[in-house]
Amino acid sequence: MTDTPGSALRDLRERRPLVHQITNYVVMNETANATLALGALPVMAHAPEEVEELASIAGALVLNIGTLSRHWVDAMLLAGKAANAAGVPIVLDPVGVGATTLRTETAKRILSEVDVAILRGNSAEVAALAGIEAEIRGVEAIGVEAGNAAIARAAAERLGIVASVTGPVDHVADGSRALAVRNGDPLLATITGSGCMSTALTGCFAAVRRDAPLDAAAYALAALGVAGEDAARTAKGPGTFHAGLYDALYALTPDSLDERARIEPL
Amino acid sequence: MTDTPGSALRDLRERRPLVHQITNYVVMNETANATLALGALPVMAHAPEEVEELASIAGALVLNIGTLSRHWVDAMLLAGKAANAAGVPIVLDPVGVGATTLRTETAKRILSEVDVAILRGNSAEVAALAGIEAEIRGVEAIGVEAGNAAIARAAAERLGIVASVTGPVDHVADGSRALAVRNGDPLLATITGSGCMSTALTGCFAAVRRDAPLDAAAYALAALGVAGEDAARTAKGPGTFHAGLYDALYALTPDSLDERARIEPL
Amino acid sequence: MTDTPGSALRDLRERRPLVHQITNYVVMNETANATLALGALPVMAHAPEEVEELASIAGALVLNIGTLSRHWVDAMLLAGKAANAAGVPIVLDPVGVGATTLRTETAKRILSEVDVAILRGNSAEVAALAGIEAEIRGVEAIGVEAGNAAIARAAAERLGIVASVTGPVDHVADGSRALAVRNGDPLLATITGSGCMSTALTGCFAAVRRDAPLDAAAYALAALGVAGEDAARTAKGPGTFHAGLYDALYALTPDSLDERARIEPL
């Protein structure tokens with residue numbers, strides 16, 4: 001009997017895992033609301049004095065390096081180590097890696113000092129962290145989709161991690177398997193924080209699929225993608241799409257998610 | 001001639017009090033917008049260099065300890081003392097008290113160093129601060145509603161404060177009186193920050209009812225509750241509910257609030 | 001052949017300039033989404049370690065002093081100097097200047113240490129910075145509109161800057177020209193951050209009109225004003241107006257902007 005995204009969603013709504021998020025100022029409200037709408041419980045806290053207590057009792061820990069500053073990095077490392085010690089899965093969103101030295105160094109430091117389960121980023125970010133920027137340039141030759149699949153596979157292998165690369169089609173890979181997720185809508189790219197939301201939802205699913213981080217990553221992208229498809233149906237632009245996205249996440253059912261998720265092995 | 005929530009709303013819209021809020025990153029935009037939609041003027045500022053100037057000229061000061069960090073605690077204490085010196089009422093929202101040592105210590109420190117007029121939290125938070133966690137367990141025996149009423153009364157007595165305990169039914173109490181507020185909608189629990197909004201609105205009403213903090217607390221919960229009922233009518237989920245909540249707060253009139261507020265003496 | 005707001009919007013959507021924003025916590029999500037909806041790319045970053053890298057490659061830099069704290073001031077000065085060295089135009093929003101000593105000193109310090117292209121504020125803020133508070137009082141005699149025009153002109157002359165004064169009618173001026181912008185809707189004043197959004201959009205247009213900051217300032221106010229008019233048409237209050245505002249910014253076309261912008265020389 002194989003697992004499905006709908007079963008994971010059912011588990012999530014029964015268990016309501018606490019998802020501890022140390023994330024950027026721009027999207028805190030958005031990722032907290034997406035977490036709640038899906039059915040998990042967000043807790044947003046960054047003080048070094050309390051992150052260990054929270055991370056160690058959480059279902060998952062989400063680290064997001066947008067709007068970084070030094071004392072937040074310290075908190076991320078403390079939280080990450082506490083999560084590791086307690087067996088709590090960690091999802092890292094390396095927002096803007098490659099754009100500044102601070103971002104690149106911070107993301108690399110987190111990856112080296114903390115055991116991250118899932119790395120969720122766009123192709124440029126994931127490639128920069130895996131040291132495979134050359135592959136990015138090769139994308140023009142093989143096409144974006146094949147390129148992103150290659151980046152996900154290479155990053156997963158080099159970093160020993162689940163790599164979750166979002167784009168027009170999303171790709172997730174661990175050292176042995178790779179999946180494509182073909183859900184979503186172009187309006188997702190018109191609001192800030194949709195990437196960060198996908199990371200937060202990855203944390204939600206990781207909390208209920210600790211032994212299957214690859215599947216958790218794919219389920220999260222399918223859930224956000226299906227919700228995006230639903231929200232796009234009545235949206236008149238980015239603002240009404242944004243509001244509709246929470247409605248759609250909340251309205252998702254295990255059955256509708258199973259029916260509509262387009263997760264394909266590669 | 002007794003006071004009514006509608007009269008207080010009328011005063012608020014005439015005077016447009018400045019409500020100084022030192023609150024958490026997740027909900028700043030939301031509480032500022034709720035304050036504006038109701039008819040007061042939000043000012044969000046946390047720098048130790050300026051909080052005293054602002055708190056002392058404000059109509060009310062709101063302290064909210066979500067997403068705490070050390071230098072924000074310093075600012076809260078400075079602002080609180082300035083507000084006390086100027087006779088400006090303070091509303092405290094002890095977000096997450098009991099969950100971490102930092103939160104518990106901070107909330108207790110604020111309560112001991114600053115004269116707080118109204119404490120607005122959920123039953124677990126208020127019980128933790130009043131040292132009556134045992135009552136929480138007793139709730140199973142007497143039911144949530146009677147339990148929350150008991151927690152509000154006990155906290156008010158022990159802390160010498162107006163205790164405002166929100167839940168499916170809200171309860172407010174001072175040392176002598178207790179009120180239940182039976183407005184609201186379950187969708188309020190599906191968006192992050194609805195509790196923080198109720199605290200911000202409590203600050204708005206406290207600014208125009210300085211001598212009647214118990215009534216101010218009840219009026220605020222009735223106003224948010226009625227707005228929640230209105231927003232729920234056309235909402236398709238948490239996202240459209242959230243947008244509709246500001247519409248409904250803005251559309252509230254003194255008459256409609258008086259007609260629909262369900263505030264009952266206990 | 002004269003330039004038009006529509007041509008600038010066309011350029012903006014083709015070039016998709018990066019607009020680096022060091023702004024306040026309350027509106028970060030809002031200004032990022034407004035920037036995206038218009039067609040530019042927001043980057044929000046405040047760490048002293050990375051602001052110089054980002055500001056020097058940006059199309060424009062936006063500095064906004066709401067929710068100030070000391071280390072953010074340092075970052076603003078670093079970013080500002082890097083932007084100046086790279087020829088990147090800077091837009092300053094002096095939120096709350098005149099209300100506290102910290103705000104006033106910070107805004108004055110930025111103006112003295114950094115070469116700001118455009119100052120965008122309300123009449124009280126701009127007057128306070130230009131040292132012409134007396135003119136504000138004179139407004140009662142000559143009317144708000146003539147008063148704001150006078151403040152914009154005087155500030156532009158005294159500060160050697162483009163002054164952009166928003167109000168029921170907006171006024172922009174440099175040392176020689178002055179323009180009135182007669183777009184907008186009263187609902188803009190019911191949401192927090194609409195002023196900050198106008199500043200962010202000013203940065204977007206400044207990025208594609210580096211040699212014409214006066215026009216850039218007017219185009220931005222016309223774009224937000226027209227979008228506000230559109231959003232007001234179907235809004236039921238501040239919440240649905242807020243969502244509709246992003247829809248309307250996204251739906252703006254160069255032709256519709258040219259047709260509806262009401263920019264008039266004074």
# chains A, B, ... in the order shown; residues from 1 in each chain; ligands from 1
>>> closest_atom_pairs(of="chain C", to="chain B", cutoff="8 Å", atoms="only C-alpha atoms", output="Markdown table")
| residue | atom | partner | partner_atom | distance |
| --- | --- | --- | --- | --- |
| C:Tyr25 | CA | B:Tyr25 | CA | 6.6 |
| C:Val26 | CA | B:Asn29 | CA | 4.7 |
| C:Val27 | CA | B:Asn29 | CA | 6.4 |
| C:Gly66 | CA | B:Ala45 | CA | 7.5 |
| C:Thr67 | CA | B:Ala45 | CA | 4.9 |
| C:Leu68 | CA | B:Ala47 | CA | 6.4 |
| C:Ser69 | CA | B:Ala47 | CA | 5.2 |
| C:Arg70 | CA | B:Ala47 | CA | 7.6 |
| C:Ala99 | CA | B:Leu54 | CA | 7.9 |
| C:Thr100 | CA | B:Glu50 | CA | 6.1 |
| C:Thr101 | CA | B:Glu50 | CA | 7.1 |
| C:Leu102 | CA | B:Glu50 | CA | 6.1 |
| C:Thr190 | CA | B:Leu36 | CA | 6.3 |
| C:Ile191 | CA | B:Asn33 | CA | 5.9 |
| C:Thr192 | CA | B:Asn33 | CA | 5.7 |
| C:Lys236 | CA | B:Asp247 | CA | 6.1 |
| C:Gly237 | CA | B:Asp247 | CA | 4.1 |
| C:Pro238 | CA | B:Asp247 | CA | 5.4 |
| C:Gly239 | CA | B:Ala243 | CA | 4.2 |
| C:Thr240 | CA | B:Ala243 | CA | 5.5 |
| C:His242 | CA | B:Ala243 | CA | 7.9 |
| C:Ala243 | CA | B:Ala243 | CA | 7.4 |
>>> closest_atom_pairs(of="range 229-266 of chain C", to="range 175-185 of chain C", cutoff="8 Å", atoms="only C-alpha atoms", output="tab-separated table")
residue	atom	partner	partner_atom	distance
C:Glu229	CA	C:Asp185	CA	5.5
C:Ala232	CA	C:Asp185	CA	6.9
C:Ala261	CA	C:Asn183	CA	6.8
C:Arg262	CA	C:Arg182	CA	5.2
C:Ile263	CA	C:Val181	CA	4.5
C:Glu264	CA	C:Ala180	CA	5.2
C:Pro265	CA	C:Leu179	CA	4.4
C:Leu266	CA	C:Leu179	CA	5.4
>>> atom_distance(atom1="CA of Ala216 in chain B", atom2="CA of Thr4 in chain B")
9.8 Å
>>> atom_distance(atom1="CA of Thr23 in chain A", atom2="CA of Gly59 in chain A")
16.3 Å
>>> select_by_dssp(residues="range 55-239 of chain B", states="helix (DSSP H, G or I)", output="PyMOL selection string")
chain B and resi 55-57+70-86+101-113+123-130+133-142+144-159+186-190+194-208+213-234+238-239
